[in-house]
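Asks: File name structure35.txt; file contents compact mmCIF, C-alpha atoms; full text below.
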```txt
# COMPACT_ATOMS: atom_id res chain seq x y z
CA MET A 1 -33.09 28.26 29.74
CA THR A 2 -29.92 29.86 28.40
CA LYS A 3 -27.84 27.94 30.97
CA VAL A 4 -29.40 24.67 29.84
CA LYS A 5 -28.59 25.47 26.20
CA ASP A 6 -25.03 26.44 27.10
CA LYS A 7 -24.59 23.24 29.08
CA THR A 8 -25.99 21.14 26.23
CA LYS A 9 -23.72 22.88 23.74
CA ARG A 10 -20.70 22.36 25.98
CA ASN A 11 -21.54 18.67 26.42
CA ASN A 12 -21.95 18.27 22.66
CA ILE A 13 -18.55 19.90 22.08
CA ILE A 14 -16.90 17.57 24.60
CA LYS A 15 -18.56 14.48 23.09
CA ALA A 16 -17.67 15.62 19.59
CA ALA A 17 -14.04 16.19 20.56
CA ILE A 18 -13.78 12.75 22.18
CA THR A 19 -15.44 11.12 19.16
CA ALA A 20 -13.10 12.92 16.75
CA ILE A 21 -10.04 11.70 18.67
CA ILE A 22 -11.36 8.12 18.83
CA PHE A 23 -12.16 8.10 15.10
CA THR A 24 -8.76 9.60 14.23
CA LEU A 25 -7.04 6.85 16.22
CA PHE A 26 -9.28 4.30 14.53
CA CYS A 27 -8.40 5.68 11.07
CA TYR A 28 -4.73 5.43 11.95
CA TYR A 29 -5.14 1.84 13.10
CA VAL A 30 -7.01 0.84 9.92
CA THR A 31 -4.43 2.62 7.77
CA ASN A 32 -1.74 0.34 9.22
CA LEU A 33 -3.58 -2.87 8.39
CA GLY A 34 -1.90 -4.80 5.60
CA PHE A 35 -4.98 -4.60 3.42
CA SER A 36 -7.71 -2.16 2.42
CA ILE A 37 -11.12 -2.78 3.98
CA SER A 38 -13.20 -0.14 2.24
CA GLY A 39 -12.13 0.73 -1.25
CA GLU A 40 -9.07 2.93 -0.82
CA SER A 41 -7.34 1.06 -3.67
CA ALA A 42 -10.14 1.97 -6.06
CA LEU A 43 -9.94 5.60 -4.99
CA VAL A 44 -6.14 5.64 -5.41
CA THR A 45 -6.56 4.17 -8.90
CA LYS A 46 -8.93 6.96 -9.90
CA ILE A 47 -6.73 9.67 -8.36
CA ASN A 48 -3.62 8.37 -10.13
CA LYS A 49 -5.43 8.18 -13.45
CA ARG A 50 -6.56 11.80 -13.17
CA ILE A 51 -3.12 12.98 -12.01
CA LYS A 52 -1.42 11.28 -14.95
CA GLU A 53 -3.93 12.79 -17.40
CA TRP A 54 -3.58 16.23 -15.83
CA LYS A 55 0.22 16.25 -15.55
CA GLN A 56 0.72 14.16 -18.71
CA ILE A 57 3.25 11.97 -16.91
CA LYS A 58 5.70 10.28 -19.27
CA THR A 59 7.20 6.84 -18.98
CA ASP A 60 10.20 7.39 -16.76
CA VAL A 61 12.75 5.66 -14.55
CA PRO A 62 14.71 7.86 -12.11
CA ASP A 63 18.40 8.39 -12.86
CA SER A 64 19.26 6.88 -9.48
CA VAL A 65 17.73 3.51 -10.44
CA LEU A 66 18.95 0.78 -12.80
CA LEU A 67 16.40 -1.89 -13.67
CA VAL A 68 17.86 -5.22 -14.80
CA ASN A 69 15.51 -7.65 -16.53
CA ILE A 70 16.11 -11.39 -15.99
CA SER A 71 12.94 -12.65 -17.69
CA TYR A 72 14.97 -14.17 -20.55
CA ASP A 73 17.95 -15.46 -18.55
CA LYS A 74 17.03 -19.09 -17.81
CA GLU A 75 18.65 -22.46 -17.21
CA LEU A 76 17.18 -25.95 -16.95
CA ILE A 77 17.67 -27.96 -13.76
CA PRO A 78 16.47 -31.46 -12.79
CA VAL A 79 13.71 -31.72 -10.20
CA ASN A 80 12.94 -34.67 -7.92
CA ASP A 81 9.70 -35.62 -6.19
CA SER A 82 9.25 -35.87 -2.41
CA ASP A 83 10.79 -39.36 -2.43
CA GLY A 84 13.91 -38.21 -4.28
CA PHE A 85 13.02 -39.72 -7.66
CA PRO A 86 13.55 -37.61 -10.83
CA LYS A 87 10.36 -36.15 -12.33
CA GLY A 88 11.73 -33.89 -15.06
CA GLU A 89 13.29 -30.49 -15.54
CA ILE A 90 12.25 -26.95 -14.79
CA ASP A 91 13.58 -23.58 -15.87
CA ILE A 92 14.89 -21.16 -13.26
CA THR A 93 16.75 -17.86 -13.41
CA ASN A 94 20.27 -18.43 -14.75
CA ARG A 95 22.38 -18.37 -11.61
CA GLU A 96 25.70 -18.35 -13.46
CA SER A 97 24.63 -15.04 -15.08
CA LEU A 98 23.64 -13.63 -11.70
CA LEU A 99 27.03 -14.64 -10.30
CA LYS A 100 28.88 -12.92 -13.15
CA PHE A 101 26.90 -9.72 -12.68
CA LEU A 102 27.40 -9.67 -8.91
CA ASP A 103 31.13 -10.26 -9.48
CA ILE A 104 31.22 -7.15 -11.67
CA LEU A 105 29.36 -5.08 -9.07
CA ASP A 106 31.62 -6.39 -6.31
CA GLN A 107 34.75 -5.40 -8.25
CA ARG A 108 33.40 -1.91 -9.01
CA LYS A 109 32.04 -1.29 -5.48
CA ASP A 110 30.28 1.90 -6.61
CA TYR A 111 26.64 0.79 -6.38
CA LYS A 112 24.27 2.21 -3.76
CA PHE A 113 22.24 -0.92 -3.12
CA VAL A 114 21.34 -4.17 -4.91
CA PHE A 115 17.90 -5.76 -4.66
CA LEU A 116 18.09 -9.22 -6.20
CA ASP A 117 14.44 -10.22 -6.61
CA VAL A 118 14.99 -13.95 -6.96
CA PHE A 119 13.60 -16.56 -4.57
CA PHE A 120 16.22 -19.18 -3.77
CA GLU A 121 13.97 -21.95 -2.54
CA GLU A 122 15.21 -25.23 -1.16
CA GLY A 123 15.12 -28.08 -3.68
CA PHE A 124 15.94 -26.06 -6.80
CA ASN A 125 19.67 -26.56 -7.15
CA SER A 126 22.10 -25.27 -9.77
CA PRO A 127 25.87 -25.92 -10.22
CA SER A 128 26.54 -22.21 -9.58
CA ASP A 129 24.64 -22.10 -6.28
CA SER A 130 27.58 -22.48 -3.91
CA ALA A 131 29.61 -19.66 -5.47
CA LEU A 132 26.53 -17.46 -5.96
CA PHE A 133 25.31 -17.85 -2.37
CA ASN A 134 28.75 -17.11 -0.98
CA LYS A 135 28.95 -14.02 -3.18
CA ILE A 136 25.55 -12.77 -1.97
CA SER A 137 26.57 -13.43 1.64
CA SER A 138 29.87 -11.57 1.35
CA MET A 139 28.71 -8.47 -0.53
CA PRO A 140 27.59 -5.37 1.40
CA ARG A 141 24.26 -3.65 0.63
CA VAL A 142 22.67 -6.64 -1.09
CA VAL A 143 19.21 -7.95 -0.20
CA ILE A 144 17.08 -10.84 -1.46
CA PRO A 145 13.39 -11.61 -0.80
CA ARG A 146 11.81 -14.50 1.03
CA HIS A 147 8.30 -15.83 1.56
CA ARG A 148 7.01 -16.83 4.98
CA ASP A 149 5.77 -20.20 3.72
CA ALA A 150 8.86 -21.08 1.64
CA LYS A 151 12.02 -22.88 2.74
CA LEU A 152 15.14 -20.93 1.90
CA ALA A 153 18.17 -22.71 0.45
CA ALA A 154 21.52 -22.38 2.25
CA LYS A 155 19.94 -20.68 5.26
CA ASP A 156 23.24 -20.02 7.02
CA LEU A 157 24.38 -17.88 4.06
CA LEU A 158 21.13 -16.40 2.71
CA MET A 159 18.94 -15.85 5.78
CA PRO A 160 20.92 -12.78 6.99
CA LYS A 161 20.44 -11.27 3.51
CA SER A 162 16.75 -12.14 3.10
CA TYR A 163 13.70 -10.11 4.11
CA ILE A 164 9.96 -10.40 3.66
CA SER A 165 8.51 -9.65 0.24
CA ASP A 166 4.85 -10.69 0.63
CA TYR A 167 1.64 -8.70 0.43
CA THR A 168 -1.83 -9.37 1.80
CA ILE A 169 -4.78 -10.15 -0.47
CA THR A 170 -8.48 -10.15 0.41
CA ASN A 171 -11.64 -11.56 -1.15
CA THR A 172 -12.37 -8.16 -2.69
CA ASN A 173 -8.82 -7.28 -3.71
CA LYS A 174 -6.68 -10.06 -5.20
CA GLY A 175 -3.91 -7.74 -6.41
CA PHE A 176 -1.31 -5.70 -4.58
CA GLY A 177 -2.84 -3.04 -2.34
CA LYS A 178 -0.67 -1.77 0.48
CA TYR A 179 3.03 -2.37 0.92
CA GLU A 180 3.71 -3.57 4.47
CA LEU A 181 6.98 -2.14 5.74
CA ILE A 182 6.51 -4.30 8.83
CA ALA A 183 4.35 -7.40 8.49
CA GLU A 184 3.58 -9.44 11.60
CA GLY A 185 6.76 -8.14 13.16
CA ASP A 186 8.97 -9.05 10.17
CA THR A 187 11.04 -6.45 8.33
CA SER A 188 10.32 -6.04 4.62
CA VAL A 189 12.91 -5.69 1.85
CA ALA A 190 12.09 -1.98 1.39
CA LEU A 191 12.40 -1.23 5.11
CA HIS A 192 15.71 -3.10 5.36
CA MET A 193 17.16 -1.05 2.49
CA TYR A 194 15.91 2.12 4.17
CA LYS A 195 17.43 1.11 7.51
CA GLU A 196 20.79 0.22 5.96
CA LEU A 197 21.09 3.54 4.14
CA THR A 198 19.69 5.92 6.76
CA GLY A 199 20.30 4.22 10.10
CA HIS A 200 16.63 4.77 10.97
CA ASP A 201 14.17 2.09 12.03
CA ILE A 202 10.43 1.79 12.64
CA LYS A 203 9.41 0.84 16.17
CA LYS A 204 5.93 -0.08 17.36
CA ARG A 205 4.45 1.18 20.63
CA PHE A 206 0.89 0.07 21.33
CA ILE A 207 -0.95 0.86 18.04
CA PHE A 208 1.57 3.55 17.06
CA TYR A 209 4.66 3.35 14.86
CA PHE A 210 7.62 5.71 15.15
CA ASP A 211 10.57 6.39 12.88
CA ASN A 212 13.33 8.11 14.82
CA GLY A 213 10.75 9.72 17.10
CA ARG A 214 8.37 10.73 14.28
CA LEU A 215 4.88 9.21 14.06
CA CYS A 216 4.68 7.08 10.93
CA ASN A 217 2.70 4.37 9.16
CA SER A 218 3.81 0.77 8.84
CA THR A 219 2.11 0.45 5.44
CA LEU A 220 1.80 2.67 2.41
CA PHE A 221 0.27 2.93 -1.03
CA SER A 222 3.64 3.28 -2.71
CA ARG A 223 3.66 5.96 -5.36
CA GLN A 224 5.00 4.96 -8.76
CA SER A 225 8.33 6.78 -8.69
CA ILE A 226 9.54 4.17 -11.18
CA ASN A 227 6.96 4.55 -13.92
CA PHE A 228 7.11 2.57 -17.16
CA ASP A 229 4.88 0.40 -19.31
CA ALA A 230 7.27 -0.57 -22.14
CA PRO A 231 10.96 -1.48 -22.65
CA TYR A 232 11.70 1.98 -24.10
CA ASN A 233 10.67 5.49 -23.08
CA ALA A 234 9.39 8.27 -25.32
CA ASP A 235 12.96 9.34 -26.15
CA GLY A 236 13.92 5.85 -27.32
CA GLU A 237 16.04 5.11 -24.25
CA LYS A 238 15.86 1.79 -22.42
CA ASN A 239 13.71 1.70 -19.32
CA TYR A 240 15.48 -1.48 -18.28
CA TYR A 241 18.40 -3.60 -19.48
CA ASN A 242 18.36 -7.33 -20.18
CA LEU A 243 21.00 -9.03 -18.06
CA ASN A 244 22.81 -11.16 -20.65
CA ALA A 245 21.91 -9.39 -23.90
CA ASP A 246 22.59 -5.81 -22.74
CA LEU A 247 24.98 -6.00 -19.78
CA LEU A 248 27.01 -9.19 -19.64
CA CYS A 249 27.75 -9.08 -23.37
CA ASP A 250 30.30 -6.35 -22.58
CA SER A 251 31.22 -7.48 -19.07
CA ILE A 252 34.91 -6.54 -19.45
CA GLU A 253 33.98 -2.95 -20.22
CA LEU A 254 31.59 -2.90 -17.28
CA VAL A 255 34.46 -3.71 -14.95
CA GLU A 256 37.13 -1.47 -16.45
CA VAL A 257 35.07 1.62 -17.33
CA GLU A 258 33.05 3.75 -14.94
CA ASP A 259 29.87 2.91 -16.80
CA ALA A 260 27.14 5.43 -16.00
CA ARG A 261 24.56 2.64 -16.09
CA LEU A 262 25.99 1.14 -12.88
CA LYS A 263 27.72 3.94 -10.99
CA ASP A 264 25.88 5.22 -7.89
CA LYS A 265 22.70 3.29 -8.71
CA TYR A 266 20.03 1.45 -6.82
CA ILE A 267 20.22 -1.74 -8.87
CA ILE A 268 16.91 -3.62 -9.06
CA ILE A 269 17.25 -7.11 -10.56
CA GLY A 270 14.02 -8.94 -11.37
CA ALA A 271 11.52 -10.05 -14.01
CA MET A 272 10.34 -6.90 -15.80
CA GLU A 273 8.27 -8.87 -18.33
CA MET A 274 6.00 -11.92 -18.55
CA THR A 275 6.23 -13.37 -15.03
CA ASP A 276 5.94 -11.67 -11.61
CA ILE A 277 3.67 -8.89 -12.93
CA HIS A 278 1.08 -7.75 -10.38
CA ALA A 279 -2.16 -5.80 -10.60
CA THR A 280 -1.92 -2.65 -8.46
CA ALA A 281 -3.77 0.62 -7.91
CA GLU A 282 -1.43 2.15 -10.49
CA GLY A 283 -1.70 -0.56 -13.15
CA LYS A 284 0.29 -3.76 -13.76
CA ILE A 285 3.77 -3.51 -12.24
CA PRO A 286 6.66 -5.99 -11.83
CA GLY A 287 7.08 -7.25 -8.28
CA ALA A 288 10.66 -5.96 -8.06
CA VAL A 289 9.47 -2.49 -9.06
CA ILE A 290 6.69 -2.54 -6.44
CA THR A 291 9.35 -3.07 -3.77
CA ALA A 292 11.62 -0.46 -5.31
CA ASN A 293 8.77 2.09 -5.36
CA ALA A 294 8.07 1.37 -1.69
CA PHE A 295 11.74 1.84 -0.87
CA ILE A 296 11.92 5.17 -2.74
CA GLY A 297 8.68 6.28 -1.07
CA THR A 298 10.13 5.48 2.34
CA MET A 299 13.36 7.32 1.51
CA ASN A 300 11.19 10.31 0.54
CA GLY A 301 9.39 10.15 3.90
CA GLN A 302 6.05 9.02 2.50
CA HIS A 303 5.50 6.79 5.54
CA ILE A 304 5.83 9.72 7.97
CA VAL A 305 2.42 10.92 9.21
CA PRO A 306 2.04 14.62 8.32
CA VAL A 307 1.13 16.68 11.40
CA VAL A 308 -0.98 19.03 9.26
CA MET A 309 -3.22 16.18 8.12
CA ILE A 310 -3.73 15.00 11.70
CA PHE A 311 -5.24 18.38 12.59
CA VAL A 312 -7.21 18.54 9.32
CA PHE A 313 -8.79 15.15 10.01
CA LEU A 314 -9.42 16.03 13.65
CA PHE A 315 -11.17 19.22 12.58
CA ILE A 316 -13.31 17.50 9.93
CA LEU A 317 -14.27 14.66 12.26
CA PHE A 318 -15.02 17.15 15.05
CA ILE A 319 -17.39 19.16 12.83
CA VAL A 320 -19.18 16.03 11.64
CA SER A 321 -19.38 14.67 15.20
CA TYR A 322 -20.75 17.93 16.54
CA GLN A 323 -23.50 17.93 13.90
CA VAL A 324 -24.45 14.40 14.91
CA PHE A 325 -24.58 15.14 18.65
CA SER A 326 -26.43 18.41 18.17
CA GLY A 327 -29.03 16.75 15.95
CA LYS A 328 -28.34 19.03 12.99
CA THR A 329 -27.53 16.30 10.50
CA ILE A 330 -28.30 16.12 6.81
CA ALA A 331 -30.30 12.92 7.39
CA LYS A 332 -32.61 14.60 9.88
CA TRP A 333 -33.13 17.62 7.63
CA ILE A 334 -33.90 15.47 4.55
CA LYS A 335 -36.21 13.17 6.51
CA LYS A 336 -38.15 16.12 7.86
CA LYS A 337 -38.63 17.57 4.37
CA LEU A 338 -39.69 14.25 2.85
CA GLU A 339 -42.22 13.43 5.59
CA THR A 340 -44.29 16.48 4.60
CA LYS A 341 -44.74 15.18 1.04
CA ASN A 342 -46.43 12.18 -0.53
CA ILE A 343 -43.58 10.24 -2.14
CA ILE A 344 -42.91 6.59 -2.86
CA ILE A 345 -39.48 6.63 -1.25
CA ASN A 346 -39.19 5.72 2.42
CA PRO A 347 -38.05 9.03 4.04
CA THR A 348 -35.88 7.39 6.69
CA ILE A 349 -33.91 5.15 4.36
CA PHE A 350 -33.51 7.81 1.67
CA ALA A 351 -32.41 10.41 4.22
CA TYR A 352 -29.74 8.18 5.71
CA LEU A 353 -28.53 7.07 2.29
CA CYS A 354 -28.02 10.72 1.31
CA SER A 355 -26.38 11.38 4.67
CA TRP A 356 -23.94 8.49 4.15
CA VAL A 357 -23.04 9.84 0.71
CA SER A 358 -22.36 13.25 2.26
CA TYR A 359 -20.01 11.73 4.87
CA VAL A 360 -18.21 9.79 2.13
CA SER A 361 -17.88 12.96 0.04
CA ILE A 362 -16.44 15.02 2.89
CA LEU A 363 -13.93 12.34 3.92
CA SER A 364 -13.05 11.59 0.28
CA ILE A 365 -12.08 15.21 -0.33
CA ALA A 366 -9.78 15.09 2.69
CA GLY A 367 -8.39 11.73 1.56
CA VAL A 368 -7.69 12.93 -1.98
CA ILE A 369 -5.89 16.04 -0.72
CA SER A 370 -3.85 13.92 1.70
CA TYR A 371 -2.82 11.48 -1.03
CA ILE A 372 -1.92 14.16 -3.60
CA VAL A 373 0.09 16.25 -1.13
CA TYR A 374 1.61 13.59 1.13
CA GLY A 375 1.05 10.24 -0.61
CA VAL A 376 -1.00 9.04 2.39
CA ILE A 377 -4.65 8.03 2.21
CA TYR A 378 -6.82 7.14 5.18
CA ASP A 379 -9.86 4.92 5.54
CA ILE A 380 -12.96 6.59 4.10
CA LEU A 381 -15.95 4.34 3.44
CA PHE A 382 -15.72 2.42 6.70
CA THR A 383 -15.34 5.61 8.72
CA ALA A 384 -18.30 7.18 6.89
CA THR A 385 -20.39 4.10 7.66
CA LEU A 386 -19.53 4.30 11.36
CA PHE A 387 -20.56 7.94 11.42
CA GLN A 388 -23.81 6.98 9.71
CA VAL A 389 -24.51 4.33 12.33
CA ALA A 390 -23.77 6.83 15.13
CA ASP A 391 -25.99 9.38 13.38
CA TYR A 392 -28.87 6.90 13.20
CA ILE A 393 -28.55 5.74 16.83
CA ILE A 394 -28.32 9.26 18.27
CA THR A 395 -31.10 10.71 16.11
CA ASN A 396 -33.46 7.80 16.82
CA TRP A 397 -32.39 7.07 20.38
CA LYS A 398 -35.88 7.39 21.84
CA ASP A 399 -37.37 5.06 19.25
CA LEU A 400 -34.57 2.57 19.81
CA SER A 401 -34.96 2.75 23.60
CA HIS A 402 -38.73 2.21 23.30
CA PRO A 403 -38.98 0.20 20.08
CA ASN A 404 -41.52 1.32 17.54
CA TRP A 405 -41.99 -1.98 15.76
CA ASN A 406 -43.90 -0.38 12.91
CA MET A 407 -40.82 1.76 12.13
CA ILE A 408 -38.59 -1.31 12.26
CA LYS A 409 -41.01 -3.13 9.96
CA ASP A 410 -40.91 -0.23 7.51
CA LEU A 411 -37.10 -0.19 7.55
CA PHE A 412 -36.26 -3.86 7.30
CA ILE A 413 -39.30 -5.58 5.79
CA ASN A 414 -40.86 -3.05 3.43
CA ALA A 415 -37.31 -1.95 2.40
CA THR A 416 -36.85 1.27 0.52
CA PHE A 417 -40.21 1.76 -1.18
CA SER A 418 -43.61 2.12 0.43
CA LYS A 419 -47.06 2.80 -0.91
CA VAL A 420 -48.31 6.35 -1.45
CA LYS A 421 -50.93 7.12 1.18
```
In structure tokens, write the structure found in this file.

Replies:
Amino acid sequence: MTKVKDKTKRNNIIKAAITAIIFTLFCYYVTNLGFSISGESALVTKINKRIKEWKQIKTDVPDSVLLVNISYDKELIPVNDSDGFPKGEIDITNRESLLKFLDILDQRKDYKFVFLDVFFEEGFNSPSDSALFNKISSMPRVVIPRHRDAKLAAKDLLMPKSYISDYTITNTNKGFGKYELIAEGDTSVALHMYKELTGHDIKKRFIFYFDNGRLCNSTLFSRQSINFDAPYNADGEKNYYNLNADLLCDSIELVEVEDARLKDKYIIIGAMEMTDIHATAEGKIPGAVITANAFIGTMNGQHIVPVVMIFVFLFILFIVSYQVFSGKTIAKWIKKKLETKNIIINPTIFAYLCSWVSYVSILSIAGVISYIVYGVIYDILFTATLFQVADYIITNWKDLSHPNWNMIKDLFINATFSKVK
């Protein structure tokens, strides 16, 4: 009898270990999808809100970053229809102003990197385009975004400087969720900046991603390193500068003096107000800042998978798996207790609902710790649901193998509530 118990225990341990490994690999795979399938964004939103309340985080922009607002720098250009006939005018970012600013940066040559968050689409032409595009092409450490479905102007000049700046939306999440460092094999703006400055790259092998030999993720919930919600911070200092009004108005001084606003900065040029503002897990953020946050997160190693968390998740999933295979689950215990009492709640459904909540709670705790410590959060609700399904199948295997149609009727026709006998 003891040998049988030992053998059963050993088999359960083996099955639990295999299940834990499979689920860990599955969690890793889901984490690297370009979208959230089970509510991680909502959880991140709640975590960030509590962290900000607890730490009393102030509006802040890191000293290494200069944000340049181009929301008010516009010019009118004529636009033609598909047949080449004029149909009016449209306002675009003032390209002469961009050219002047890039000229200043090119003369100084003391910037770290320039992200020019302007889409130069084909068909929107300005008199300054030729000089501007040549300037972008010739300057080192300058990157511009592109969309997969948009045609880029002056491809021979701009394509080598352009990288993907899209994000995936779903029916349940229309705003920005995860930043994809690699999307369908294409390099993102943030990853390109990281590669240029560090010499590292992210390579895919099977379902795994590696950065210089270290296991990493290809997506991340980028933490808000650049954190602001107004033009000025609590000390009355500018969070960002308007291109023409604040910078180009003293362009001669910018060239001749080692202005601290420009020296050794990551210069992020984009619309900080009105347009290009996206809903995210951390509030409404300009698109240029989303990319900049992802870049800073990558530079800080947020995309690297922490070895400690791998073992923590393996351990948690092993314990849960072992309980399922050994039949010592919360669902079974609750169901057994409820079946001895006259209640209006269906014992089976209620037991498995409570069990699912317990799986979610356990995995949520691990996910919260992982996000706070490492900035990485793994799939929770979907994994909990899979465990619940496995729990149900294993616990009710005999009934499923030899169907008890009355039980099935109780579960799926009579729903949650049944009459008191």

Asks: Atom CA of Arg10 of chain A to atom CA of Thr385 of chain A: how many Å, to one decimal?

Replies: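 Computing it gives 25.9 Å between the two atoms.
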
Asks: Do a neighbour search on Asp264 of chain A at 10 Å with all atoms listed in the file, toss out local chain neighbours closer than 5 positions, and write the hits as a ChimeraX atom specification.

Replies: /A:63-66,109-113

Asks: Restricting the calculation to all atoms listed in the file, which member of A:Asp60, A:Ile202, A:Ser137, A:Asn125 is positioned closest to Asp91 of chain A?

Replies: A:Asn125

Asks: From the list A:His200, A:Lys7, A:Arg148, A:Arg95, which residue is nearest Ser130 of chain A when using all atoms listed in the file?

Replies: A:Arg95

Asks: Quick one: of A:Val79, A:Gln323, A:Arg108, A:Ile285, who's nearest to Lys9 of chain A, counting all atoms listed in the file?

Replies: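 Going through A:Val79, A:Gln323, A:Arg108, A:Ile285 one by one, the smallest distance to Lys9 of chain A is for A:Gln323.
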
Asks: To one decimal in Å, tell me the separation between atom CA of Gly213 of chain A and atom CA of Ile22 of chain A.

Replies: 22.2 Å

Asks: Work out how far atom CA of Asn69 of chain A is from atom CA of Met272 of chain A, in Å to one decimal.

Replies: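 One can read the atom CA of Met272 of chain A to atom CA of Asn69 of chain A distance as 5.3 Å.
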
Asks: Neighbouring residues of segment 187-197 of chain A were defined as those with any atom within 9 Å, considering only C-alpha atoms; residues of the same chain fewer than 2 positions away were excluded. Please report them as a compact mmCIF listing (two decimals) with C-alpha atoms, in the frame of the given file.

Replies:
```txt
# COMPACT_ATOMS: atom_id res chain seq x y z
CA LYS A 112 24.27 2.21 -3.76
CA PHE A 113 22.24 -0.92 -3.12
CA PHE A 115 17.90 -5.76 -4.66
CA ARG A 141 24.26 -3.65 0.63
CA VAL A 142 22.67 -6.64 -1.09
CA VAL A 143 19.21 -7.95 -0.20
CA ILE A 144 17.08 -10.84 -1.46
CA PRO A 145 13.39 -11.61 -0.80
CA ARG A 146 11.81 -14.50 1.03
CA SER A 162 16.75 -12.14 3.10
CA TYR A 163 13.70 -10.11 4.11
CA ILE A 164 9.96 -10.40 3.66
CA SER A 165 8.51 -9.65 0.24
CA ASP A 166 4.85 -10.69 0.63
CA TYR A 179 3.03 -2.37 0.92
CA GLU A 180 3.71 -3.57 4.47
CA LEU A 181 6.98 -2.14 5.74
CA ILE A 182 6.51 -4.30 8.83
CA ALA A 183 4.35 -7.40 8.49
CA GLU A 184 3.58 -9.44 11.60
CA GLY A 185 6.76 -8.14 13.16
CA GLY A 199 20.30 4.22 10.10
CA HIS A 200 16.63 4.77 10.97
CA ASP A 201 14.17 2.09 12.03
CA ILE A 202 10.43 1.79 12.64
CA THR A 291 9.35 -3.07 -3.77
CA ALA A 292 11.62 -0.46 -5.31
CA ASN A 293 8.77 2.09 -5.36
CA ALA A 294 8.07 1.37 -1.69
CA PHE A 295 11.74 1.84 -0.87
CA ILE A 296 11.92 5.17 -2.74
CA THR A 298 10.13 5.48 2.34
CA MET A 299 13.36 7.32 1.51
```

Asks: Find the spatial neighbours of Asn12 of chain A, counting all atoms listed in the file, within a cut-off of 8 Å - ignore same-chain residues fewer than 6 positions away - and output them as a PyMOL selection string.

Replies: chain A and resi 322+325-326

Asks: Extract, using only C-alpha atoms, all DNA, RNA and protein residues at most 12 Å from Ser126 of chain A, discarding same-chain residues fewer than 2 positions from it, and format them as a list in words.

Replies: Lys74, Glu75, Leu76, Ile77, Pro78, Val79, Glu89, Ile90, Asp91, Ile92, Thr93, Asn94, Arg95, Glu96, Ser97, Leu98, Leu99, Phe120, Glu121, Glu122, Gly123, Phe124, Ser128, Asp129, Ser130, Ala131, Leu132, Phe133 and Ala153 of chain A

Asks: Please determine, counting all atoms listed in the file, which residue among A:Ile369, A:Ile319, A:Val360, A:Ile207 has the shortest atom-to-atom distance to Leu386 of chain A.

Replies: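 With all atoms listed in the file as the atom set, the closest residue is A:Val360.
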
Asks: Give the answer as one residue: which of A:Ile226, A:Asn212, A:Val118, A:Phe313 has the shortest atom-to-atom distance to Thr198 of chain A, using only C-alpha atoms?

Replies: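 Under the stated criterion, the closest residue is A:Asn212.
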
Asks: When you count all atoms listed in the file, which of these residues is closest to Asp391 of chain A: A:Asn32, A:Thr24, A:Thr280, A:Ser321?

Replies: A:Ser321

Asks: Residues proximal to (9.1, -10.6, -7.9) were defined as those with any atom within 6 Å of that point in the file's coordinates, counting all atoms listed in the file. Which are they, as a list in words?

Replies: Asp117, Asp276, Gly287 and Ala288 of chain A

Asks: Around segment 115-133 of chain A, with edges along x, y and z and 3 Å added on all six sides, what centre and edge lengths do you get, in Å to one decimal, as JSON?

Replies:
```
{"center_x": 21.6, "center_y": -16.9, "center_z": -5.7, "size_x": 22.0, "size_y": 28.3, "size_z": 15.1}
```

Asks: Identify, on the basis of only C-alpha atoms, every residue whose closest approach to Gln388 of chain A does not exceed 10 Å; exclude the query and any residue fewer than 2 positions from it along the same chain; express the result as a PyMOL selection string.

Replies: chain A and resi 324+331+352-353+355-360+382-386+390-394

Asks: Take the residues just selected and output them with C-alpha atoms as a PDB file, in the frame of the given file.

Replies:
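Ended up saving to part27.pdb:
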```
ATOM      1  CA  VAL A 324     -24.450  14.400  14.910  1.00  0.00           C
ATOM      2  CA  ALA A 331     -30.300  12.920   7.390  1.00  0.00           C
ATOM      3  CA  TYR A 352     -29.740   8.180   5.710  1.00  0.00           C
ATOM      4  CA  LEU A 353     -28.530   7.070   2.290  1.00  0.00           C
ATOM      5  CA  SER A 355     -26.380  11.380   4.670  1.00  0.00           C
ATOM      6  CA  TRP A 356     -23.940   8.490   4.150  1.00  0.00           C
ATOM      7  CA  VAL A 357     -23.040   9.840   0.710  1.00  0.00           C
ATOM      8  CA  SER A 358     -22.360  13.250   2.260  1.00  0.00           C
ATOM      9  CA  TYR A 359     -20.010  11.730   4.870  1.00  0.00           C
ATOM     10  CA  VAL A 360     -18.210   9.790   2.130  1.00  0.00           C
ATOM     11  CA  PHE A 382     -15.720   2.420   6.700  1.00  0.00           C
ATOM     12  CA  THR A 383     -15.340   5.610   8.720  1.00  0.00           C
ATOM     13  CA  ALA A 384     -18.300   7.180   6.890  1.00  0.00           C
ATOM     14  CA  THR A 385     -20.390   4.100   7.660  1.00  0.00           C
ATOM     15  CA  LEU A 386     -19.530   4.300  11.360  1.00  0.00           C
ATOM     16  CA  ALA A 390     -23.770   6.830  15.130  1.00  0.00           C
ATOM     17  CA  ASP A 391     -25.990   9.380  13.380  1.00  0.00           C
ATOM     18  CA  TYR A 392     -28.870   6.900  13.200  1.00  0.00           C
ATOM     19  CA  ILE A 393     -28.550   5.740  16.830  1.00  0.00           C
ATOM     20  CA  ILE A 394     -28.320   9.260  18.270  1.00  0.00           C
TER      21      ILE A 394
END
```
